[in-house]
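Colleague: Sharing a structure with you now.
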Amino acid sequence: MDRADLAALQTFVTIADQGSLRAAARVLGVNPPAVSHQLKAFETRLGTPLFLRTTRALTLTDAGRAVYDGSAHLLNTVEETLEAVRDVRRARAGRLRITLPFRAWQLIIAPRIEAFQAAYPGIELDLTIDEALVDLAAHGFHAGIRLGDYLQDTHVAVRLSESEPGAYVASPRYLERNGVPATPRDLLDHDCIRHRQSTSRRMAEWRFMTSEGEFAVEPYGRLIFNDLRTVVAAARQGLGIGWSLKRGVQAQLESGSLVQVLETFTPTRPGFCLYYPRSVRQLGLLRAFIEHFRLH
């Protein structure tokens with residue numbers, strides 16, 4: 001396709017969308033005779049009329065319908081891509097509000113925040129650390145970050161990390177006193193530090209993998225927290241076995257203040273995703289954030 005055909009295709013799609021040559025000319029910013037001339041030249045090169053013309057309306061011919069159906073969405077995609085670039089270039093100042101759990105801050109945002117601030121000094125990141133799945137619009141957030149299995153189909157999702165291994169952890173002192181569990185069934189004889197989910201108010205299940213597949217159990221324990229950082233802190237204190245994303249406790253595992261147990265039974269979780277309503281997908285500030293932090 002040469003440049004003339006590409007320009008003519010854009011004109012043709014605009015005429016079809018607007019319903020008349022005059023309306024298309026207003027959208028394209030040219031005069032109606034120029035639109036008419038370009039359309040006629042395009043039809044001549046294709047060797048077939050694209051519209052049936054009457055004094056009252058333009059109607060697509062079968063050939064015109066085929067061209068429109070095969071090209072309109074492609075032109076829209078090109079326009080959206082170019083607009084996205086323009087949005088990023090315009091994203092120089094403003095406040096972006098994002099809700100996210102602490103682990104997303106620790107593992108995804110914190111390592112790259114200085115580079116983001118250097119690239120976009122006019123953008124304020126207003127970050128709310130929260131485990132709950134909140135209504136973004138109702139609470140004034142542009143976007144949120146959560147593990148992928150928490151997301152709903154009603155939002156656009158952009159991956160920020162690969163799958164995240166989980167880890168059941170305890171302190172060496174606790175394991176010396178109570179023994180090391182060899183299988184998930186052994187947890188019946190242990191104190192499990194439980195986590196109450198902020199959104200559903202239900203106890204989070206502990207998931208395990210075996211040769212027969214994945215299964216979930218609700219562990220028993222005398223301590224319940226609504227914050228996973230506190231679960232880890234209690235485990236370090238020797239109060240029981242807790243769960244965390246493995247990368248979130250990697251430093252404690254390397255230092256020996258925590259020990260991973262049941263590693264061969266522990267499944268991974270889907271990685272972190274940024275999610276946002278479709279209504280804000282053109283927000284320049286958000287596009288700048290996505291391009292910086294997304295998983296490439």
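Each chain of the structure tokens is named A, B, ... in the order shown, its residues numbered from 1; ligands are numbered from 1 in display order.
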Hey, could you make a per-residue contact list for range 200-267 of chain A against range 132-140 of chain A with 12 Å as the cut-off, showing the nearest pair of atoms and its distance in Å to one decimal, counting only C-alpha atoms, sorted by chain and number, as JSON lines?
Modeller:
```
{"residue": "A:Ser200", "atom": "CA", "partner": "A:Ala132", "partner_atom": "CA", "distance": 8.4}
{"residue": "A:Arg201", "atom": "CA", "partner": "A:Ala132", "partner_atom": "CA", "distance": 9.6}
{"residue": "A:Arg202", "atom": "CA", "partner": "A:Ala132", "partner_atom": "CA", "distance": 11.8}
{"residue": "A:Asn226", "atom": "CA", "partner": "A:Ala132", "partner_atom": "CA", "distance": 9.6}
{"residue": "A:Asp227", "atom": "CA", "partner": "A:Ala132", "partner_atom": "CA", "distance": 10.1}
{"residue": "A:Leu228", "atom": "CA", "partner": "A:Ala132", "partner_atom": "CA", "distance": 11.8}
```
Colleague: Those residues with N, CA, C and O atoms, as a compact mmCIF listing (two decimals), in the first residue's frame please?
Modeller:
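This is the output file out-v9.txt:
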```
# COMPACT_ATOMS: atom_id res chain seq x y z
N SER A 200 -12.93 -9.62 51.77
CA SER A 200 -13.98 -10.60 52.05
C SER A 200 -14.19 -10.86 53.54
O SER A 200 -15.21 -11.41 53.94
N ARG A 201 -13.20 -10.49 54.36
CA ARG A 201 -13.21 -10.75 55.81
C ARG A 201 -13.08 -12.24 56.11
O ARG A 201 -13.24 -12.67 57.24
N ARG A 202 -12.77 -13.05 55.13
CA ARG A 202 -12.58 -14.48 55.32
C ARG A 202 -11.12 -14.79 55.60
O ARG A 202 -10.22 -14.03 55.22
N ASN A 226 -4.67 -8.99 59.85
CA ASN A 226 -5.20 -8.53 58.55
C ASN A 226 -4.10 -7.92 57.70
O ASN A 226 -4.37 -7.29 56.69
N ASP A 227 -2.85 -8.11 58.11
CA ASP A 227 -1.70 -7.53 57.40
C ASP A 227 -0.61 -8.59 57.28
O ASP A 227 -0.16 -9.15 58.29
N LEU A 228 -0.20 -8.88 56.05
CA LEU A 228 0.76 -9.95 55.83
C LEU A 228 2.15 -9.62 56.36
O LEU A 228 2.93 -10.52 56.69
```
Colleague: I'd like the contact shell of Ile241 in chain A - 12 Å cut-off, only C-alpha atoms, skipping same-chain residues fewer than 2 positions apart - returned as JSON, numbers by chain.
Modeller: {"A": [167, 168, 169, 170, 171, 172, 173, 174, 175, 178, 179, 180, 181, 184, 186, 187, 188, 189, 190, 191, 192, 193, 194, 195, 206, 219, 220, 221, 222, 223, 224, 231, 232, 233, 234, 235, 236, 237, 238, 239, 243, 244, 258, 259, 260, 261, 262]}
Colleague: Please write the residues from the selection above to a file, keeping N, CA and C atoms, as a compact mmCIF listing (two decimals), in the first residue's frame.
Modeller:
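Dumped everything to again.txt:
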```txt
# COMPACT_ATOMS: atom_id res chain seq x y z
N ALA A 167 5.86 -18.84 50.00
CA ALA A 167 6.76 -19.48 50.96
C ALA A 167 6.07 -19.57 52.32
N TYR A 168 6.07 -20.77 52.92
CA TYR A 168 5.66 -20.95 54.30
C TYR A 168 6.92 -20.88 55.15
N VAL A 169 6.92 -20.00 56.13
CA VAL A 169 8.16 -19.69 56.85
C VAL A 169 7.95 -19.72 58.36
N ALA A 170 9.03 -19.99 59.06
CA ALA A 170 9.04 -19.97 60.52
C ALA A 170 10.45 -19.65 60.97
N SER A 171 10.59 -19.28 62.23
CA SER A 171 11.92 -18.99 62.76
C SER A 171 12.63 -20.29 63.13
N PRO A 172 13.97 -20.29 63.14
CA PRO A 172 14.70 -21.48 63.58
C PRO A 172 14.32 -21.89 65.00
N ARG A 173 14.09 -20.91 65.88
CA ARG A 173 13.75 -21.23 67.27
C ARG A 173 12.42 -21.97 67.35
N TYR A 174 11.43 -21.53 66.55
CA TYR A 174 10.14 -22.22 66.55
C TYR A 174 10.30 -23.66 66.07
N LEU A 175 11.06 -23.86 65.00
CA LEU A 175 11.21 -25.20 64.43
C LEU A 175 12.00 -26.11 65.35
N ASN A 178 9.34 -27.10 67.92
CA ASN A 178 8.14 -27.80 67.50
C ASN A 178 8.35 -28.82 66.38
N GLY A 179 9.54 -28.85 65.82
CA GLY A 179 9.80 -29.76 64.72
C GLY A 179 9.48 -29.15 63.37
N VAL A 180 10.05 -29.73 62.31
CA VAL A 180 9.85 -29.23 60.95
C VAL A 180 8.77 -30.06 60.26
N PRO A 181 7.69 -29.44 59.79
CA PRO A 181 6.65 -30.22 59.09
C PRO A 181 7.19 -30.80 57.79
N PRO A 184 2.00 -31.20 54.34
CA PRO A 184 0.94 -30.29 54.79
C PRO A 184 0.12 -30.86 55.94
N ASP A 186 1.13 -32.37 58.48
CA ASP A 186 1.83 -32.13 59.75
C ASP A 186 1.47 -30.78 60.36
N LEU A 187 0.86 -29.89 59.59
CA LEU A 187 0.49 -28.59 60.12
C LEU A 187 -0.58 -28.69 61.21
N LEU A 188 -1.26 -29.83 61.27
CA LEU A 188 -2.25 -30.04 62.34
C LEU A 188 -1.60 -29.96 63.72
N ASP A 189 -0.30 -30.19 63.78
CA ASP A 189 0.42 -30.16 65.05
C ASP A 189 1.19 -28.87 65.25
N HIS A 190 0.89 -27.83 64.46
CA HIS A 190 1.64 -26.58 64.53
C HIS A 190 0.71 -25.39 64.71
N ASP A 191 1.31 -24.30 65.22
CA ASP A 191 0.62 -23.01 65.26
C ASP A 191 0.79 -22.34 63.90
N CYS A 192 -0.30 -22.08 63.22
CA CYS A 192 -0.27 -21.41 61.92
C CYS A 192 -0.76 -19.98 62.11
N ILE A 193 0.03 -19.04 61.67
CA ILE A 193 -0.32 -17.62 61.81
C ILE A 193 -1.19 -17.25 60.62
N ARG A 194 -2.45 -16.96 60.90
CA ARG A 194 -3.43 -16.81 59.83
C ARG A 194 -3.61 -15.36 59.40
N HIS A 195 -4.16 -15.21 58.19
CA HIS A 195 -4.37 -13.89 57.60
C HIS A 195 -5.84 -13.74 57.23
N TRP A 206 -4.64 -21.75 52.82
CA TRP A 206 -3.27 -22.13 52.47
C TRP A 206 -3.35 -23.18 51.38
N PRO A 219 -5.88 -23.33 57.77
CA PRO A 219 -5.03 -23.78 58.88
C PRO A 219 -5.59 -23.36 60.23
N TYR A 220 -5.10 -24.02 61.27
CA TYR A 220 -5.48 -23.65 62.64
C TYR A 220 -4.35 -22.83 63.25
N GLY A 221 -4.72 -21.85 64.05
CA GLY A 221 -3.72 -21.07 64.75
C GLY A 221 -4.37 -20.10 65.70
N ARG A 222 -3.59 -19.64 66.66
CA ARG A 222 -4.12 -18.74 67.69
C ARG A 222 -3.89 -17.27 67.39
N LEU A 223 -3.20 -16.97 66.29
CA LEU A 223 -2.96 -15.58 65.91
C LEU A 223 -3.55 -15.32 64.53
N ILE A 224 -4.28 -14.21 64.41
CA ILE A 224 -4.89 -13.81 63.14
C ILE A 224 -4.56 -12.34 62.91
N VAL A 231 2.13 -10.90 59.79
CA VAL A 231 2.26 -12.36 59.80
C VAL A 231 3.73 -12.75 59.78
N VAL A 232 4.50 -12.11 58.91
CA VAL A 232 5.93 -12.42 58.81
C VAL A 232 6.66 -12.01 60.09
N ALA A 233 6.32 -10.85 60.64
CA ALA A 233 6.98 -10.40 61.87
C ALA A 233 6.71 -11.37 63.01
N ALA A 234 5.48 -11.88 63.10
CA ALA A 234 5.16 -12.85 64.15
C ALA A 234 5.90 -14.16 63.94
N ALA A 235 6.07 -14.57 62.68
CA ALA A 235 6.83 -15.78 62.40
C ALA A 235 8.29 -15.60 62.80
N ARG A 236 8.86 -14.46 62.54
CA ARG A 236 10.25 -14.19 62.94
C ARG A 236 10.40 -14.21 64.46
N GLN A 237 9.34 -13.84 65.14
CA GLN A 237 9.37 -13.81 66.61
C GLN A 237 9.25 -15.21 67.20
N GLY A 238 9.00 -16.21 66.37
CA GLY A 238 8.90 -17.58 66.85
C GLY A 238 7.51 -17.99 67.29
N LEU A 239 6.48 -17.29 66.79
CA LEU A 239 5.11 -17.54 67.24
C LEU A 239 4.36 -18.54 66.36
N TRP A 243 2.69 -17.40 56.05
CA TRP A 243 2.85 -17.43 54.59
C TRP A 243 3.24 -16.05 54.09
N SER A 244 4.05 -16.03 53.03
CA SER A 244 4.41 -14.78 52.37
C SER A 244 4.80 -15.09 50.93
N LEU A 258 14.57 -16.50 59.12
CA LEU A 258 13.40 -17.30 58.76
C LEU A 258 13.88 -18.51 57.96
N VAL A 259 13.11 -19.59 58.06
CA VAL A 259 13.40 -20.82 57.33
C VAL A 259 12.15 -21.20 56.55
N GLN A 260 12.33 -21.56 55.28
CA GLN A 260 11.20 -21.99 54.48
C GLN A 260 10.91 -23.46 54.74
N VAL A 261 9.63 -23.80 54.90
CA VAL A 261 9.22 -25.19 55.10
C VAL A 261 8.23 -25.58 54.01
N LEU A 262 8.09 -26.86 53.77
CA LEU A 262 7.13 -27.40 52.79
C LEU A 262 7.33 -26.80 51.40
```
Colleague: Can you tell me which residues surround Phe215 in chain A at a distance of at most 12 Å, considering only C-alpha atoms, apart from same-chain residues fewer than 2 positions away, and format the answer as a PyMOL selection string?
Modeller: chain A and resi 184-185+205-213+217-218+265-267
Colleague: Would you kindly return, as a PDB file with C-alpha atoms, in the first residue's frame, each protein, DNA or RNA residue with an atom no farther than 12 Å from any atom of Pro101 in chain A, considering only C-alpha atoms and excluding same-chain residues fewer than 6 positions away?
Modeller:
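Contents of the output file part_2.pdb:
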```pdb
ATOM      1  CA  LEU A 107       9.037  -5.711  44.975  1.00  0.00           C
ATOM      2  CA  ILE A 108       7.756  -3.712  41.994  1.00  0.00           C
ATOM      3  CA  ILE A 109       7.737   0.022  42.690  1.00  0.00           C
ATOM      4  CA  LEU A 127       0.237   5.607  46.836  1.00  0.00           C
ATOM      5  CA  THR A 128      -2.159   4.008  49.338  1.00  0.00           C
ATOM      6  CA  ILE A 129      -0.864   0.786  50.908  1.00  0.00           C
ATOM      7  CA  ASP A 130      -3.882  -1.475  51.373  1.00  0.00           C
ATOM      8  CA  GLU A 131      -4.539  -5.227  51.093  1.00  0.00           C
ATOM      9  CA  ALA A 132      -8.225  -4.722  50.259  1.00  0.00           C
ATOM     10  CA  LEU A 133      -9.692  -4.717  46.764  1.00  0.00           C
ATOM     11  CA  VAL A 134     -11.321  -1.298  46.763  1.00  0.00           C
ATOM     12  CA  GLY A 144      -4.566  -0.424  41.596  1.00  0.00           C
ATOM     13  CA  ILE A 145      -1.932  -3.142  41.820  1.00  0.00           C
ATOM     14  CA  ARG A 146      -2.789  -6.671  42.978  1.00  0.00           C
ATOM     15  CA  LEU A 147      -1.809 -10.267  42.285  1.00  0.00           C
ATOM     16  CA  GLN A 197      -8.515 -10.974  53.954  1.00  0.00           C
ATOM     17  CA  SER A 198      -9.440  -7.294  54.130  1.00  0.00           C
ATOM     18  CA  ASN A 226      -5.201  -8.528  58.553  1.00  0.00           C
ATOM     19  CA  ASP A 227      -1.704  -7.529  57.403  1.00  0.00           C
ATOM     20  CA  LEU A 228       0.759  -9.954  55.827  1.00  0.00           C
ATOM     21  CA  ARG A 229       3.777  -7.993  57.059  1.00  0.00           C
ATOM     22  CA  LEU A 245       5.508 -14.217  48.819  1.00  0.00           C
ATOM     23  CA  GLY A 248       9.172 -10.541  50.073  1.00  0.00           C
ATOM     24  CA  PHE A 272       1.398  -8.540  40.092  1.00  0.00           C
ATOM     25  CA  CYS A 273      -0.785  -6.603  37.654  1.00  0.00           C
ATOM     26  CA  LEU A 274      -1.714  -2.972  37.374  1.00  0.00           C
TER      27      LEU A 274
END
```
Colleague: Just list as a PyMOL selection string whatever in range 11-130 of chain A DSSP marks as strand (DSSP E).
Modeller: chain A and resi 51-53+58-60+94-100+123-129
Colleague: Any chance you can output those residues with N, CA, C and O atoms as a PDB file, in the first residue's frame?
Modeller:
```pdb
ATOM      1  N   PHE A  51     -19.365   3.375  -2.491  1.00  0.00           N
ATOM      2  CA  PHE A  51     -20.618   3.910  -1.958  1.00  0.00           C
ATOM      3  C   PHE A  51     -21.667   3.948  -3.064  1.00  0.00           C
ATOM      4  O   PHE A  51     -21.353   4.169  -4.245  1.00  0.00           O
ATOM      5  N   LEU A  52     -22.923   3.745  -2.676  1.00  0.00           N
ATOM      6  CA  LEU A  52     -24.059   4.067  -3.518  1.00  0.00           C
ATOM      7  C   LEU A  52     -24.519   5.459  -3.128  1.00  0.00           C
ATOM      8  O   LEU A  52     -24.861   5.706  -1.960  1.00  0.00           O
ATOM      9  N   ARG A  53     -24.520   6.396  -4.093  1.00  0.00           N
ATOM     10  CA  ARG A  53     -24.799   7.793  -3.794  1.00  0.00           C
ATOM     11  C   ARG A  53     -26.223   8.142  -4.204  1.00  0.00           C
ATOM     12  O   ARG A  53     -26.652   7.834  -5.319  1.00  0.00           O
ATOM     13  N   LEU A  58     -25.338   8.407   1.620  1.00  0.00           N
ATOM     14  CA  LEU A  58     -24.338   7.500   1.066  1.00  0.00           C
ATOM     15  C   LEU A  58     -24.515   6.145   1.734  1.00  0.00           C
ATOM     16  O   LEU A  58     -24.647   6.058   2.968  1.00  0.00           O
ATOM     17  N   THR A  59     -24.498   5.083   0.927  1.00  0.00           N
ATOM     18  CA  THR A  59     -24.626   3.731   1.465  1.00  0.00           C
ATOM     19  C   THR A  59     -23.462   2.892   0.965  1.00  0.00           C
ATOM     20  O   THR A  59     -23.122   2.944  -0.229  1.00  0.00           O
ATOM     21  N   LEU A  60     -22.872   2.128   1.841  1.00  0.00           N
ATOM     22  CA  LEU A  60     -21.756   1.284   1.438  1.00  0.00           C
ATOM     23  C   LEU A  60     -22.206   0.203   0.470  1.00  0.00           C
ATOM     24  O   LEU A  60     -23.256  -0.430   0.668  1.00  0.00           O
ATOM     25  N   GLY A  94       1.136  16.313  37.244  1.00  0.00           N
ATOM     26  CA  GLY A  94      -0.147  15.864  37.761  1.00  0.00           C
ATOM     27  C   GLY A  94       0.031  14.817  38.835  1.00  0.00           C
ATOM     28  O   GLY A  94       1.146  14.373  39.128  1.00  0.00           O
ATOM     29  N   ARG A  95      -1.094  14.421  39.444  1.00  0.00           N
ATOM     30  CA  ARG A  95      -1.079  13.445  40.528  1.00  0.00           C
ATOM     31  C   ARG A  95      -1.747  12.160  40.071  1.00  0.00           C
ATOM     32  O   ARG A  95      -2.832  12.176  39.507  1.00  0.00           O
ATOM     33  N   LEU A  96      -1.076  11.040  40.337  1.00  0.00           N
ATOM     34  CA  LEU A  96      -1.590   9.715  39.981  1.00  0.00           C
ATOM     35  C   LEU A  96      -1.813   8.940  41.271  1.00  0.00           C
ATOM     36  O   LEU A  96      -0.876   8.693  42.031  1.00  0.00           O
ATOM     37  N   ARG A  97      -3.073   8.552  41.510  1.00  0.00           N
ATOM     38  CA  ARG A  97      -3.435   7.854  42.748  1.00  0.00           C
ATOM     39  C   ARG A  97      -3.558   6.356  42.483  1.00  0.00           C
ATOM     40  O   ARG A  97      -4.331   5.932  41.618  1.00  0.00           O
ATOM     41  N   ILE A  98      -2.808   5.552  43.242  1.00  0.00           N
ATOM     42  CA  ILE A  98      -2.770   4.106  43.048  1.00  0.00           C
ATOM     43  C   ILE A  98      -2.884   3.418  44.399  1.00  0.00           C
ATOM     44  O   ILE A  98      -2.227   3.805  45.374  1.00  0.00           O
ATOM     45  N   THR A  99      -3.723   2.376  44.473  1.00  0.00           N
ATOM     46  CA  THR A  99      -3.816   1.538  45.664  1.00  0.00           C
ATOM     47  C   THR A  99      -3.032   0.260  45.419  1.00  0.00           C
ATOM     48  O   THR A  99      -3.121  -0.332  44.336  1.00  0.00           O
ATOM     49  N   LEU A 100      -2.279  -0.188  46.410  1.00  0.00           N
ATOM     50  CA  LEU A 100      -1.428  -1.364  46.232  1.00  0.00           C
ATOM     51  C   LEU A 100      -1.063  -1.951  47.587  1.00  0.00           C
ATOM     52  O   LEU A 100      -1.025  -1.238  48.598  1.00  0.00           O
ATOM     53  N   ILE A 123       5.325  14.438  37.987  1.00  0.00           N
ATOM     54  CA  ILE A 123       4.252  13.522  38.376  1.00  0.00           C
ATOM     55  C   ILE A 123       4.345  13.210  39.864  1.00  0.00           C
ATOM     56  O   ILE A 123       5.398  12.790  40.356  1.00  0.00           O
ATOM     57  N   GLU A 124       3.250  13.416  40.575  1.00  0.00           N
ATOM     58  CA  GLU A 124       3.151  13.022  41.985  1.00  0.00           C
ATOM     59  C   GLU A 124       2.495  11.648  42.067  1.00  0.00           C
ATOM     60  O   GLU A 124       1.399  11.455  41.548  1.00  0.00           O
ATOM     61  N   LEU A 125       3.159  10.707  42.708  1.00  0.00           N
ATOM     62  CA  LEU A 125       2.564   9.391  42.945  1.00  0.00           C
ATOM     63  C   LEU A 125       1.952   9.386  44.341  1.00  0.00           C
ATOM     64  O   LEU A 125       2.658   9.466  45.342  1.00  0.00           O
ATOM     65  N   ASP A 126       0.643   9.287  44.390  1.00  0.00           N
ATOM     66  CA  ASP A 126      -0.104   9.226  45.646  1.00  0.00           C
ATOM     67  C   ASP A 126      -0.461   7.755  45.873  1.00  0.00           C
ATOM     68  O   ASP A 126      -1.431   7.246  45.325  1.00  0.00           O
ATOM     69  N   LEU A 127       0.356   7.057  46.669  1.00  0.00           N
ATOM     70  CA  LEU A 127       0.237   5.607  46.836  1.00  0.00           C
ATOM     71  C   LEU A 127      -0.410   5.272  48.176  1.00  0.00           C
ATOM     72  O   LEU A 127       0.041   5.731  49.226  1.00  0.00           O
ATOM     73  N   THR A 128      -1.471   4.463  48.129  1.00  0.00           N
ATOM     74  CA  THR A 128      -2.159   4.008  49.338  1.00  0.00           C
ATOM     75  C   THR A 128      -1.880   2.526  49.531  1.00  0.00           C
ATOM     76  O   THR A 128      -2.261   1.702  48.691  1.00  0.00           O
ATOM     77  N   ILE A 129      -1.189   2.184  50.621  1.00  0.00           N
ATOM     78  CA  ILE A 129      -0.864   0.786  50.908  1.00  0.00           C
ATOM     79  C   ILE A 129      -2.071   0.138  51.564  1.00  0.00           C
ATOM     80  O   ILE A 129      -2.503   0.546  52.646  1.00  0.00           O
TER      81      ILE A 129
END
```
Colleague: Neighbours of Tyr275 in chain A within 9 Å (only C-alpha atoms; same-chain residues fewer than 3 positions away dropped), as an MDAnalysis selection string?
Modeller: chainID A and resid 143:146 151 155:159
